[in-house]
file start_3.pdb (PDB, C-alpha atoms)
ATOM      1  CA  MET A   1       0.000   0.000   0.000  1.00  0.00           C
ATOM      2  CA  ASN A   2       1.556   3.276  -1.160  1.00  0.00           C
ATOM      3  CA  SER A   3       1.865   6.396   0.982  1.00  0.00           C
ATOM      4  CA  ILE A   4      -0.487   9.340   0.498  1.00  0.00           C
ATOM      5  CA  ASP A   5       1.154  12.249  -1.339  1.00  0.00           C
ATOM      6  CA  LEU A   6      -1.868  14.170  -2.673  1.00  0.00           C
ATOM      7  CA  ILE A   7      -5.452  14.942  -1.608  1.00  0.00           C
ATOM      8  CA  LEU A   8      -8.090  15.542  -4.282  1.00  0.00           C
ATOM      9  CA  PHE A   9     -11.444  16.913  -3.149  1.00  0.00           C
ATOM     10  CA  ASP A  10     -14.768  16.691  -4.861  1.00  0.00           C
ATOM     11  CA  CYS A  11     -16.428  20.089  -4.462  1.00  0.00           C
ATOM     12  CA  ASP A  12     -20.229  19.809  -4.286  1.00  0.00           C
ATOM     13  CA  GLY A  13     -21.260  18.169  -1.016  1.00  0.00           C
ATOM     14  CA  VAL A  14     -17.661  18.018   0.240  1.00  0.00           C
ATOM     15  CA  LEU A  15     -16.380  21.591   0.390  1.00  0.00           C
ATOM     16  CA  VAL A  16     -19.589  23.489  -0.368  1.00  0.00           C
ATOM     17  CA  ASP A  17     -23.119  22.560   0.716  1.00  0.00           C
ATOM     18  CA  SER A  18     -24.552  22.709  -2.786  1.00  0.00           C
ATOM     19  CA  GLU A  19     -25.937  19.214  -3.381  1.00  0.00           C
ATOM     20  CA  ILE A  20     -29.038  19.870  -1.277  1.00  0.00           C
ATOM     21  CA  ILE A  21     -29.766  23.023  -3.305  1.00  0.00           C
ATOM     22  CA  ALA A  22     -29.281  21.176  -6.595  1.00  0.00           C
ATOM     23  CA  SER A  23     -31.501  18.309  -5.422  1.00  0.00           C
ATOM     24  CA  GLU A  24     -34.279  20.723  -4.454  1.00  0.00           C
ATOM     25  CA  VAL A  25     -34.134  22.525  -7.804  1.00  0.00           C
ATOM     26  CA  GLU A  26     -33.965  19.314  -9.816  1.00  0.00           C
ATOM     27  CA  ALA A  27     -36.785  17.610  -7.914  1.00  0.00           C
ATOM     28  CA  GLU A  28     -39.031  20.635  -8.520  1.00  0.00           C
ATOM     29  CA  LEU A  29     -38.220  20.743 -12.249  1.00  0.00           C
ATOM     30  CA  LEU A  30     -38.739  17.012 -12.753  1.00  0.00           C
ATOM     31  CA  THR A  31     -41.995  16.975 -10.815  1.00  0.00           C
ATOM     32  CA  GLU A  32     -43.288  19.859 -12.957  1.00  0.00           C
ATOM     33  CA  ALA A  33     -42.235  17.910 -16.072  1.00  0.00           C
ATOM     34  CA  GLY A  34     -44.308  14.869 -15.079  1.00  0.00           C
ATOM     35  CA  TYR A  35     -41.730  12.819 -13.166  1.00  0.00           C
ATOM     36  CA  PRO A  36     -42.620  13.170  -9.462  1.00  0.00           C
ATOM     37  CA  ILE A  37     -39.542  12.798  -7.275  1.00  0.00           C
ATOM     38  CA  SER A  38     -38.610  14.048  -3.811  1.00  0.00           C
ATOM     39  CA  THR A  39     -35.537  16.052  -2.894  1.00  0.00           C
ATOM     40  CA  GLU A  40     -34.337  13.114  -0.784  1.00  0.00           C
ATOM     41  CA  GLU A  41     -34.646  10.593  -3.613  1.00  0.00           C
ATOM     42  CA  MET A  42     -32.958  12.999  -6.005  1.00  0.00           C
ATOM     43  CA  ALA A  43     -29.986  13.310  -3.666  1.00  0.00           C
ATOM     44  CA  GLU A  44     -29.703   9.583  -3.010  1.00  0.00           C
ATOM     45  CA  ARG A  45     -29.918   8.503  -6.640  1.00  0.00           C
ATOM     46  CA  PHE A  46     -28.339  11.288  -8.629  1.00  0.00           C
ATOM     47  CA  ALA A  47     -25.926  13.267  -6.435  1.00  0.00           C
ATOM     48  CA  GLY A  48     -22.560  13.345  -8.160  1.00  0.00           C
ATOM     49  CA  LEU A  49     -23.981  13.101 -11.687  1.00  0.00           C
ATOM     50  CA  THR A  50     -24.346  16.001 -14.078  1.00  0.00           C
ATOM     51  CA  TRP A  51     -27.927  17.143 -14.716  1.00  0.00           C
ATOM     52  CA  HIS A  52     -27.570  15.973 -18.317  1.00  0.00           C
ATOM     53  CA  HIS A  53     -26.637  12.426 -17.283  1.00  0.00           C
ATOM     54  CA  ALA A  54     -29.389  12.319 -14.641  1.00  0.00           C
ATOM     55  CA  LEU A  55     -31.922  13.273 -17.325  1.00  0.00           C
ATOM     56  CA  LEU A  56     -30.617  10.539 -19.632  1.00  0.00           C
ATOM     57  CA  GLN A  57     -31.131   7.932 -16.894  1.00  0.00           C
ATOM     58  CA  ILE A  58     -34.624   9.185 -16.114  1.00  0.00           C
ATOM     59  CA  GLU A  59     -35.644   9.177 -19.785  1.00  0.00           C
ATOM     60  CA  LYS A  60     -34.588   5.542 -20.093  1.00  0.00           C
ATOM     61  CA  GLU A  61     -36.460   4.314 -17.021  1.00  0.00           C
ATOM     62  CA  ALA A  62     -39.575   6.473 -17.317  1.00  0.00           C
ATOM     63  CA  ASP A  63     -39.892   6.421 -21.097  1.00  0.00           C
ATOM     64  CA  ILE A  64     -41.067  10.032 -21.116  1.00  0.00           C
ATOM     65  CA  PRO A  65     -39.531  12.789 -23.250  1.00  0.00           C
ATOM     66  CA  LEU A  66     -37.924  15.534 -21.182  1.00  0.00           C
ATOM     67  CA  SER A  67     -37.747  18.965 -22.785  1.00  0.00           C
ATOM     68  CA  ALA A  68     -34.347  20.266 -23.861  1.00  0.00           C
ATOM     69  CA  SER A  69     -35.324  23.529 -22.178  1.00  0.00           C
ATOM     70  CA  LEU A  70     -34.928  21.748 -18.824  1.00  0.00           C
ATOM     71  CA  ILE A  71     -31.150  22.070 -19.214  1.00  0.00           C
ATOM     72  CA  LYS A  72     -31.340  25.842 -19.620  1.00  0.00           C
ATOM     73  CA  ARG A  73     -33.969  26.319 -16.904  1.00  0.00           C
ATOM     74  CA  HIS A  74     -31.968  24.163 -14.528  1.00  0.00           C
ATOM     75  CA  ASP A  75     -28.801  26.215 -14.961  1.00  0.00           C
ATOM     76  CA  GLU A  76     -30.607  29.528 -14.567  1.00  0.00           C
ATOM     77  CA  VAL A  77     -32.555  28.533 -11.449  1.00  0.00           C
ATOM     78  CA  LEU A  78     -29.660  26.681  -9.823  1.00  0.00           C
ATOM     79  CA  ASP A  79     -27.155  29.504 -10.317  1.00  0.00           C
ATOM     80  CA  LYS A  80     -29.578  31.973  -8.713  1.00  0.00           C
ATOM     81  CA  ARG A  81     -30.166  29.667  -5.751  1.00  0.00           C
ATOM     82  CA  LEU A  82     -26.449  28.991  -5.285  1.00  0.00           C
ATOM     83  CA  ALA A  83     -25.594  32.692  -5.417  1.00  0.00           C
ATOM     84  CA  ARG A  84     -28.234  33.374  -2.764  1.00  0.00           C
ATOM     85  CA  ASP A  85     -28.178  30.349  -0.453  1.00  0.00           C
ATOM     86  CA  LEU A  86     -24.838  28.542  -0.758  1.00  0.00           C
ATOM     87  CA  LYS A  87     -22.894  27.875   2.453  1.00  0.00           C
ATOM     88  CA  ILE A  88     -19.539  26.290   3.145  1.00  0.00           C
ATOM     89  CA  ILE A  89     -19.392  22.868   4.790  1.00  0.00           C
ATOM     90  CA  ASP A  90     -18.698  23.163   8.517  1.00  0.00           C
ATOM     91  CA  GLY A  91     -15.015  22.745   9.339  1.00  0.00           C
ATOM     92  CA  VAL A  92     -13.690  23.211   5.805  1.00  0.00           C
ATOM     93  CA  ARG A  93     -11.767  26.433   6.441  1.00  0.00           C
ATOM     94  CA  PRO A  94      -9.752  25.192   9.447  1.00  0.00           C
ATOM     95  CA  MET A  95      -9.190  21.838   7.755  1.00  0.00           C
ATOM     96  CA  LEU A  96      -7.741  23.522   4.664  1.00  0.00           C
ATOM     97  CA  ALA A  97      -5.635  25.875   6.775  1.00  0.00           C
ATOM     98  CA  GLY A  98      -4.001  22.929   8.517  1.00  0.00           C
ATOM     99  CA  LEU A  99      -3.635  20.593   5.524  1.00  0.00           C
ATOM    100  CA  LYS A 100       0.047  19.946   4.850  1.00  0.00           C
ATOM    101  CA  LEU A 101      -0.181  17.712   1.780  1.00  0.00           C
ATOM    102  CA  PRO A 102      -0.640  19.128  -1.742  1.00  0.00           C
ATOM    103  CA  HIS A 103      -4.341  19.281  -2.619  1.00  0.00           C
ATOM    104  CA  GLY A 104      -6.761  20.259  -5.373  1.00  0.00           C
ATOM    105  CA  ILE A 105     -10.372  20.022  -6.528  1.00  0.00           C
ATOM    106  CA  CYS A 106     -11.779  17.632  -9.155  1.00  0.00           C
ATOM    107  CA  SER A 107     -15.457  18.284  -9.875  1.00  0.00           C
ATOM    108  CA  ASN A 108     -18.268  17.633 -12.344  1.00  0.00           C
ATOM    109  CA  SER A 109     -19.389  21.254 -11.992  1.00  0.00           C
ATOM    110  CA  THR A 110     -18.413  23.701 -14.723  1.00  0.00           C
ATOM    111  CA  SER A 111     -15.366  25.916 -14.254  1.00  0.00           C
ATOM    112  CA  GLU A 112     -17.643  28.953 -14.159  1.00  0.00           C
ATOM    113  CA  ARG A 113     -19.826  27.526 -11.404  1.00  0.00           C
ATOM    114  CA  LEU A 114     -16.796  26.384  -9.419  1.00  0.00           C
ATOM    115  CA  ALA A 115     -15.305  29.883  -9.622  1.00  0.00           C
ATOM    116  CA  MET A 116     -18.601  31.426  -8.487  1.00  0.00           C
ATOM    117  CA  MET A 117     -19.135  29.050  -5.569  1.00  0.00           C
ATOM    118  CA  LEU A 118     -15.558  29.010  -4.282  1.00  0.00           C
ATOM    119  CA  GLY A 119     -15.227  32.761  -4.761  1.00  0.00           C
ATOM    120  CA  LYS A 120     -18.468  33.447  -2.907  1.00  0.00           C
ATOM    121  CA  LEU A 121     -17.247  31.395   0.051  1.00  0.00           C
ATOM    122  CA  GLY A 122     -13.715  32.822   0.030  1.00  0.00           C
ATOM    123  CA  ILE A 123     -11.720  29.649  -0.624  1.00  0.00           C
ATOM    124  CA  LYS A 124     -11.020  29.923  -4.371  1.00  0.00           C
ATOM    125  CA  ASP A 125      -7.578  31.519  -3.918  1.00  0.00           C
ATOM    126  CA  HIS A 126      -6.562  28.753  -1.510  1.00  0.00           C
ATOM    127  CA  PHE A 127      -6.553  26.243  -4.372  1.00  0.00           C
ATOM    128  CA  GLY A 128      -4.988  28.546  -6.958  1.00  0.00           C
ATOM    129  CA  LYS A 129      -4.734  26.827 -10.341  1.00  0.00           C
ATOM    130  CA  HIS A 130      -5.594  23.399  -8.953  1.00  0.00           C
ATOM    131  CA  ILE A 131      -9.359  23.565  -9.555  1.00  0.00           C
ATOM    132  CA  TYR A 132     -10.348  21.131 -12.294  1.00  0.00           C
ATOM    133  CA  SER A 133     -13.697  20.616 -14.020  1.00  0.00           C
ATOM    134  CA  ALA A 134     -14.485  17.360 -15.786  1.00  0.00           C
ATOM    135  CA  ARG A 135     -16.601  19.380 -18.246  1.00  0.00           C
ATOM    136  CA  ASP A 136     -13.396  20.929 -19.571  1.00  0.00           C
ATOM    137  CA  LEU A 137     -12.263  17.446 -20.576  1.00  0.00           C
ATOM    138  CA  GLY A 138     -15.567  16.741 -22.373  1.00  0.00           C
ATOM    139  CA  GLU A 139     -19.175  15.922 -21.518  1.00  0.00           C
ATOM    140  CA  ASP A 140     -18.434  12.231 -22.082  1.00  0.00           C
ATOM    141  CA  ARG A 141     -15.600  12.240 -19.527  1.00  0.00           C
ATOM    142  CA  VAL A 142     -17.433  13.285 -16.359  1.00  0.00           C
ATOM    143  CA  LYS A 143     -17.755  11.150 -13.221  1.00  0.00           C
ATOM    144  CA  PRO A 144     -18.378   8.236 -12.749  1.00  0.00           C
ATOM    145  CA  LYS A 145     -15.604   7.985 -15.349  1.00  0.00           C
ATOM    146  CA  PRO A 146     -12.129   8.333 -13.780  1.00  0.00           C
ATOM    147  CA  ASP A 147     -10.808  10.947 -16.224  1.00  0.00           C
ATOM    148  CA  ILE A 148     -10.973  14.042 -14.017  1.00  0.00           C
ATOM    149  CA  TYR A 149      -9.174  12.342 -11.126  1.00  0.00           C
ATOM    150  CA  LEU A 150      -6.468  11.030 -13.432  1.00  0.00           C
ATOM    151  CA  HIS A 151      -6.157  14.538 -14.868  1.00  0.00           C
ATOM    152  CA  GLY A 152      -5.818  16.042 -11.382  1.00  0.00           C
ATOM    153  CA  ALA A 153      -3.073  13.627 -10.361  1.00  0.00           C
ATOM    154  CA  LYS A 154      -1.226  14.281 -13.625  1.00  0.00           C
ATOM    155  CA  GLN A 155      -1.161  18.040 -12.967  1.00  0.00           C
ATOM    156  CA  PHE A 156       0.707  17.377  -9.715  1.00  0.00           C
ATOM    157  CA  GLY A 157       2.920  14.695 -11.256  1.00  0.00           C
ATOM    158  CA  ILE A 158       1.799  12.173  -8.635  1.00  0.00           C
ATOM    159  CA  ASP A 159       0.974   8.522  -9.292  1.00  0.00           C
ATOM    160  CA  PRO A 160      -2.758   7.751  -8.802  1.00  0.00           C
ATOM    161  CA  SER A 161      -1.913   5.048  -6.259  1.00  0.00           C
ATOM    162  CA  ARG A 162      -0.544   7.793  -3.984  1.00  0.00           C
ATOM    163  CA  VAL A 163      -3.704   9.926  -4.144  1.00  0.00           C
ATOM    164  CA  LEU A 164      -6.486  10.096  -1.563  1.00  0.00           C
ATOM    165  CA  VAL A 165      -9.859  11.373  -2.775  1.00  0.00           C
ATOM    166  CA  VAL A 166     -12.604  12.846  -0.572  1.00  0.00           C
ATOM    167  CA  GLU A 167     -16.034  12.122  -2.065  1.00  0.00           C
ATOM    168  CA  ASP A 168     -19.676  12.358  -1.002  1.00  0.00           C
ATOM    169  CA  SER A 169     -21.311  10.430  -3.858  1.00  0.00           C
ATOM    170  CA  VAL A 170     -21.360   6.828  -4.986  1.00  0.00           C
ATOM    171  CA  HIS A 171     -20.691   7.967  -8.559  1.00  0.00           C
ATOM    172  CA  GLY A 172     -17.674   9.952  -7.389  1.00  0.00           C
ATOM    173  CA  VAL A 173     -16.296   7.039  -5.379  1.00  0.00           C
ATOM    174  CA  HIS A 174     -16.609   4.826  -8.448  1.00  0.00           C
ATOM    175  CA  ALA A 175     -14.665   7.419 -10.465  1.00  0.00           C
ATOM    176  CA  ALA A 176     -11.845   7.623  -7.927  1.00  0.00           C
ATOM    177  CA  ARG A 177     -11.588   3.868  -7.504  1.00  0.00           C
ATOM    178  CA  ALA A 178     -11.547   3.396 -11.290  1.00  0.00           C
ATOM    179  CA  ALA A 179      -8.622   5.835 -11.318  1.00  0.00           C
ATOM    180  CA  GLY A 180      -6.743   3.566  -8.902  1.00  0.00           C
ATOM    181  CA  MET A 181      -7.026   5.960  -5.966  1.00  0.00           C
ATOM    182  CA  ARG A 182      -7.949   5.526  -2.325  1.00  0.00           C
ATOM    183  CA  VAL A 183     -11.152   7.181  -1.118  1.00  0.00           C
ATOM    184  CA  VAL A 184     -12.536   8.676   2.082  1.00  0.00           C
ATOM    185  CA  GLY A 185     -16.316   9.022   1.970  1.00  0.00           C
ATOM    186  CA  PHE A 186     -17.950  12.141   3.422  1.00  0.00           C
ATOM    187  CA  THR A 187     -21.493  12.358   4.796  1.00  0.00           C
ATOM    188  CA  GLY A 188     -21.462  15.749   6.520  1.00  0.00           C
ATOM    189  CA  ALA A 189     -23.428  17.800   3.985  1.00  0.00           C
ATOM    190  CA  SER A 190     -27.142  18.622   4.170  1.00  0.00           C
ATOM    191  CA  HIS A 191     -28.137  16.150   1.447  1.00  0.00           C
ATOM    192  CA  SER A 192     -26.948  13.100   3.409  1.00  0.00           C
ATOM    193  CA  TYR A 193     -29.419  10.234   3.877  1.00  0.00           C
ATOM    194  CA  PRO A 194     -29.681   7.221   6.273  1.00  0.00           C
ATOM    195  CA  SER A 195     -27.855   4.674   4.089  1.00  0.00           C
ATOM    196  CA  HIS A 196     -25.288   7.187   2.797  1.00  0.00           C
ATOM    197  CA  ALA A 197     -22.243   5.849   4.665  1.00  0.00           C
ATOM    198  CA  ASP A 198     -23.050   2.230   3.801  1.00  0.00           C
ATOM    199  CA  GLN A 199     -23.464   3.077   0.122  1.00  0.00           C
ATOM    200  CA  LEU A 200     -20.126   4.914   0.000  1.00  0.00           C
ATOM    201  CA  THR A 201     -18.402   1.978   1.691  1.00  0.00           C
ATOM    202  CA  ASP A 202     -20.015  -0.502  -0.693  1.00  0.00           C
ATOM    203  CA  ALA A 203     -18.834   1.629  -3.625  1.00  0.00           C
ATOM    204  CA  GLY A 204     -15.235   1.385  -2.427  1.00  0.00           C
ATOM    205  CA  ALA A 205     -14.569   4.082   0.177  1.00  0.00           C
ATOM    206  CA  GLU A 206     -11.894   2.928   2.614  1.00  0.00           C
ATOM    207  CA  THR A 207     -13.554   4.742   5.486  1.00  0.00           C
ATOM    208  CA  VAL A 208     -16.318   7.335   5.937  1.00  0.00           C
ATOM    209  CA  ILE A 209     -16.324  10.530   7.985  1.00  0.00           C
ATOM    210  CA  SER A 210     -19.221  12.830   8.850  1.00  0.00           C
ATOM    211  CA  ARG A 211     -17.204  15.847  10.027  1.00  0.00           C
ATOM    212  CA  MET A 212     -14.513  17.632   8.070  1.00  0.00           C
ATOM    213  CA  SER A 213     -12.561  18.120  11.291  1.00  0.00           C
ATOM    214  CA  ALA A 214     -11.958  14.347  11.243  1.00  0.00           C
ATOM    215  CA  LEU A 215     -10.126  14.424   7.901  1.00  0.00           C
ATOM    216  CA  PRO A 216      -6.586  15.311   9.099  1.00  0.00           C
ATOM    217  CA  GLY A 217      -6.600  12.486  11.638  1.00  0.00           C
ATOM    218  CA  THR A 218      -8.022  10.094   9.058  1.00  0.00           C
ATOM    219  CA  ILE A 219      -5.271  10.974   6.571  1.00  0.00           C
ATOM    220  CA  GLU A 220      -2.682  10.428   9.297  1.00  0.00           C
ATOM    221  CA  ALA A 221      -4.157   7.058  10.243  1.00  0.00           C
ATOM    222  CA  LEU A 222      -4.379   5.838   6.648  1.00  0.00           C
ATOM    223  CA  SER A 223      -0.809   6.990   5.981  1.00  0.00           C
ATOM    224  CA  ALA A 224       0.470   5.177   9.069  1.00  0.00           C
ATOM    225  CA  TRP A 225      -1.368   2.030   8.040  1.00  0.00           C
ATOM    226  CA  SER A 226       0.194   2.253   4.570  1.00  0.00           C
ATOM    227  CA  GLU A 227       3.651   2.472   6.081  1.00  0.00           C
ATOM    228  CA  GLU A 228       2.974  -0.568   8.282  1.00  0.00           C
ATOM    229  CA  MET A 229       1.710  -2.578   5.302  1.00  0.00           C
ATOM    230  CA  SER A 230       4.795  -1.758   3.236  1.00  0.00           C
ATOM    231  CA  ALA A 231       7.304  -2.313   6.054  1.00  0.00           C
TER
END

call {"tool": "encode", "arguments": {"input": "start_3.pdb", "output": "structure tokens"}}
result
Amino acid sequence: MNSIDLILFDCDGVLVDSEIIASEVEAELLTEAGYPISTEEMAERFAGLTWHHALLQIEKEADIPLSASLIKRHDEVLDKRLARDLKIIDGVRPMLAGLKLPHGICSNSTSERLAMMLGKLGIKDHFGKHIYSARDLGEDRVKPKPDIYLHGAKQFGIDPSRVLVVEDSVHGVHAARAAGMRVVGFTGASHSYPSHADQLTDAGAETVISRMSALPGTIEALSAWSEEMSA
């Protein structure tokens, strides 16, 4: 087991409490379009996917046509809600201030939305150039594909086996594991649900935390365990 040399964070639901806002907006839009779904079910099933890929899944299972205008309406409504209501995840600022390992962000959100959210909450400059959007690689390369995590590791010049990812979604965990990385699951955002931790573990998370203040100790413990395994 290799040592941990890099931390890659998902953004939505890990650093910023945006997944609950997205789930509320998306549940409202889908219900209006003839596909009744609750905010809770939206979060459990589709958190971590792009809106486009969630719509593709719903079209297949429900066999109902969903208007192309839903994409535009979604972006307009969600951006307004995020600009008004977005909050940082508790404990993120002190955790980042004390993090000694190199770290960056790998997200399915667009670069524009990432800049808006991180700028609004005052943590954009902390990450500098190491904020990566899977959309910049291509719409067909978003999570649960591993591309964005492999891209992030490449920018630091660090082997994927030495990377620890922090993820809140099953789809994100699958992406990180497919990239050959270790994963800590996170369940401390507002969209969390009763089986959240179990689902992240089943998807491949090595351990799950519910408070960001627990991350430094978790990294230390996993690093120590790696050293013992390789001794």

call {"tool": "resolve_selection", "arguments": {"input": "start_3.pdb", "expression": "the PyMOL selection byres ((chain A and resi 213-225) around 12)", "output": "ChimeraX atom specification"}}
result
/A:1-7,9,14,89-101,162-167,182-188,206-212,226-231

call {"tool": "atom_distance", "arguments": {"input": "start_3.pdb", "atom1": "CA of His151 in chain A", "atom2": "CA of Arg113 in chain A"}}
result
19.2 Å

call {"tool": "atom_distance", "arguments": {"input": "start_3.pdb", "atom1": "CA of His52 in chain A", "atom2": "CA of Asp10 in chain A"}}
result
18.6 Å

call {"tool": "residues_near_point", "arguments": {"input": "start_3.pdb", "point": "(-7.3, 19.5, -18.5)", "cutoff": "9 Å", "atoms": "all atoms listed in the file", "output": "NGL selection string"}}
result
:A and (132-134 or 136-137 or 148 or 151-152 or 155)

call {"tool": "resolve_selection", "arguments": {"input": "start_3.pdb", "expression": "the PyMOL selection byres ((chain A and resi 203) around 7)", "output": "list in words"}}
result
Val170, Val173, His174, Gln199, Leu200, Thr201, Asp202, Gly204 and Ala205 of chain A

call {"tool": "resolve_selection", "arguments": {"input": "start_3.pdb", "expression": "the PyMOL selection byres ((chain A and resi 17-28) around 8)", "output": "VMD selection string"}}
result
chain A and resid 12 to 16 29 to 32 36 to 40 42 to 43 47 74 77 to 78 81 to 82 86 to 89 189 to 191

call {"tool": "write_last_selection", "arguments": {"input": "start_3.pdb", "atoms": "C-alpha atoms", "output": "PDB file, in the coordinates of the input"}}
result
ATOM      1  CA  ASP A  12     -20.229  19.809  -4.286  1.00  0.00           C
ATOM      2  CA  GLY A  13     -21.260  18.169  -1.016  1.00  0.00           C
ATOM      3  CA  VAL A  14     -17.661  18.018   0.240  1.00  0.00           C
ATOM      4  CA  LEU A  15     -16.380  21.591   0.390  1.00  0.00           C
ATOM      5  CA  VAL A  16     -19.589  23.489  -0.368  1.00  0.00           C
ATOM      6  CA  LEU A  29     -38.220  20.743 -12.249  1.00  0.00           C
ATOM      7  CA  LEU A  30     -38.739  17.012 -12.753  1.00  0.00           C
ATOM      8  CA  THR A  31     -41.995  16.975 -10.815  1.00  0.00           C
ATOM      9  CA  GLU A  32     -43.288  19.859 -12.957  1.00  0.00           C
ATOM     10  CA  PRO A  36     -42.620  13.170  -9.462  1.00  0.00           C
ATOM     11  CA  ILE A  37     -39.542  12.798  -7.275  1.00  0.00           C
ATOM     12  CA  SER A  38     -38.610  14.048  -3.811  1.00  0.00           C
ATOM     13  CA  THR A  39     -35.537  16.052  -2.894  1.00  0.00           C
ATOM     14  CA  GLU A  40     -34.337  13.114  -0.784  1.00  0.00           C
ATOM     15  CA  MET A  42     -32.958  12.999  -6.005  1.00  0.00           C
ATOM     16  CA  ALA A  43     -29.986  13.310  -3.666  1.00  0.00           C
ATOM     17  CA  ALA A  47     -25.926  13.267  -6.435  1.00  0.00           C
ATOM     18  CA  HIS A  74     -31.968  24.163 -14.528  1.00  0.00           C
ATOM     19  CA  VAL A  77     -32.555  28.533 -11.449  1.00  0.00           C
ATOM     20  CA  LEU A  78     -29.660  26.681  -9.823  1.00  0.00           C
ATOM     21  CA  ARG A  81     -30.166  29.667  -5.751  1.00  0.00           C
ATOM     22  CA  LEU A  82     -26.449  28.991  -5.285  1.00  0.00           C
ATOM     23  CA  LEU A  86     -24.838  28.542  -0.758  1.00  0.00           C
ATOM     24  CA  LYS A  87     -22.894  27.875   2.453  1.00  0.00           C
ATOM     25  CA  ILE A  88     -19.539  26.290   3.145  1.00  0.00           C
ATOM     26  CA  ILE A  89     -19.392  22.868   4.790  1.00  0.00           C
ATOM     27  CA  ALA A 189     -23.428  17.800   3.985  1.00  0.00           C
ATOM     28  CA  SER A 190     -27.142  18.622   4.170  1.00  0.00           C
ATOM     29  CA  HIS A 191     -28.137  16.150   1.447  1.00  0.00           C
TER      30      HIS A 191
END

call {"tool": "residues_around", "arguments": {"input": "start_3.pdb", "residues": "Ile131 in chain A", "least_positions_apart": "6", "cutoff": "9 Å", "atoms": "only C-alpha atoms", "output": "PyMOL selection string"}}
result
chain A and resi 104-107+111+114-115+124+152

call {"tool": "decode", "arguments": {"input": "start_3.pdb", "residues": "range 33-38 of chain A", "atoms": "all heavy atoms", "output": "PDB file, in the first residue's frame"}}
result
ATOM      1  N   ALA A  33     -42.303  18.510 -14.737  1.00  0.00           N
ATOM      2  CA  ALA A  33     -42.235  17.910 -16.072  1.00  0.00           C
ATOM      3  C   ALA A  33     -42.961  16.573 -16.159  1.00  0.00           C
ATOM      4  O   ALA A  33     -42.980  15.946 -17.224  1.00  0.00           O
ATOM      5  CB  ALA A  33     -40.778  17.738 -16.478  1.00  0.00           C
ATOM      6  N   GLY A  34     -43.553  16.116 -15.054  1.00  0.00           N
ATOM      7  CA  GLY A  34     -44.308  14.869 -15.079  1.00  0.00           C
ATOM      8  C   GLY A  34     -43.578  13.668 -14.526  1.00  0.00           C
ATOM      9  O   GLY A  34     -43.997  12.524 -14.732  1.00  0.00           O
ATOM     10  N   TYR A  35     -42.477  13.910 -13.805  1.00  0.00           N
ATOM     11  CA  TYR A  35     -41.730  12.819 -13.166  1.00  0.00           C
ATOM     12  C   TYR A  35     -41.614  13.151 -11.687  1.00  0.00           C
ATOM     13  O   TYR A  35     -40.630  13.737 -11.239  1.00  0.00           O
ATOM     14  CB  TYR A  35     -40.346  12.680 -13.805  1.00  0.00           C
ATOM     15  CG  TYR A  35     -39.540  11.499 -13.295  1.00  0.00           C
ATOM     16  CD1 TYR A  35     -39.724  10.225 -13.816  1.00  0.00           C
ATOM     17  CD2 TYR A  35     -38.581  11.681 -12.288  1.00  0.00           C
ATOM     18  CE1 TYR A  35     -38.976   9.149 -13.349  1.00  0.00           C
ATOM     19  CE2 TYR A  35     -37.828  10.608 -11.816  1.00  0.00           C
ATOM     20  CZ  TYR A  35     -38.032   9.348 -12.353  1.00  0.00           C
ATOM     21  OH  TYR A  35     -37.297   8.291 -11.888  1.00  0.00           O
ATOM     22  N   PRO A  36     -42.634  12.804 -10.884  1.00  0.00           N
ATOM     23  CA  PRO A  36     -42.620  13.170  -9.462  1.00  0.00           C
ATOM     24  C   PRO A  36     -41.455  12.500  -8.724  1.00  0.00           C
ATOM     25  O   PRO A  36     -41.271  11.284  -8.802  1.00  0.00           O
ATOM     26  CB  PRO A  36     -43.968  12.629  -8.937  1.00  0.00           C
ATOM     27  CG  PRO A  36     -44.802  12.436 -10.157  1.00  0.00           C
ATOM     28  CD  PRO A  36     -43.856  12.083 -11.260  1.00  0.00           C
ATOM     29  N   ILE A  37     -40.677  13.313  -8.038  1.00  0.00           N
ATOM     30  CA  ILE A  37     -39.542  12.798  -7.275  1.00  0.00           C
ATOM     31  C   ILE A  37     -39.261  13.755  -6.131  1.00  0.00           C
ATOM     32  O   ILE A  37     -39.396  14.973  -6.283  1.00  0.00           O
ATOM     33  CB  ILE A  37     -38.293  12.625  -8.177  1.00  0.00           C
ATOM     34  CG1 ILE A  37     -37.150  11.925  -7.422  1.00  0.00           C
ATOM     35  CG2 ILE A  37     -37.840  13.947  -8.760  1.00  0.00           C
ATOM     36  CD1 ILE A  37     -35.993  11.506  -8.325  1.00  0.00           C
ATOM     37  N   SER A  38     -38.888  13.217  -4.979  1.00  0.00           N
ATOM     38  CA  SER A  38     -38.610  14.048  -3.811  1.00  0.00           C
ATOM     39  C   SER A  38     -37.163  14.527  -3.831  1.00  0.00           C
ATOM     40  O   SER A  38     -36.307  13.957  -4.517  1.00  0.00           O
ATOM     41  CB  SER A  38     -38.861  13.263  -2.529  1.00  0.00           C
ATOM     42  OG  SER A  38     -37.905  12.215  -2.395  1.00  0.00           O
TER      43      SER A  38
END
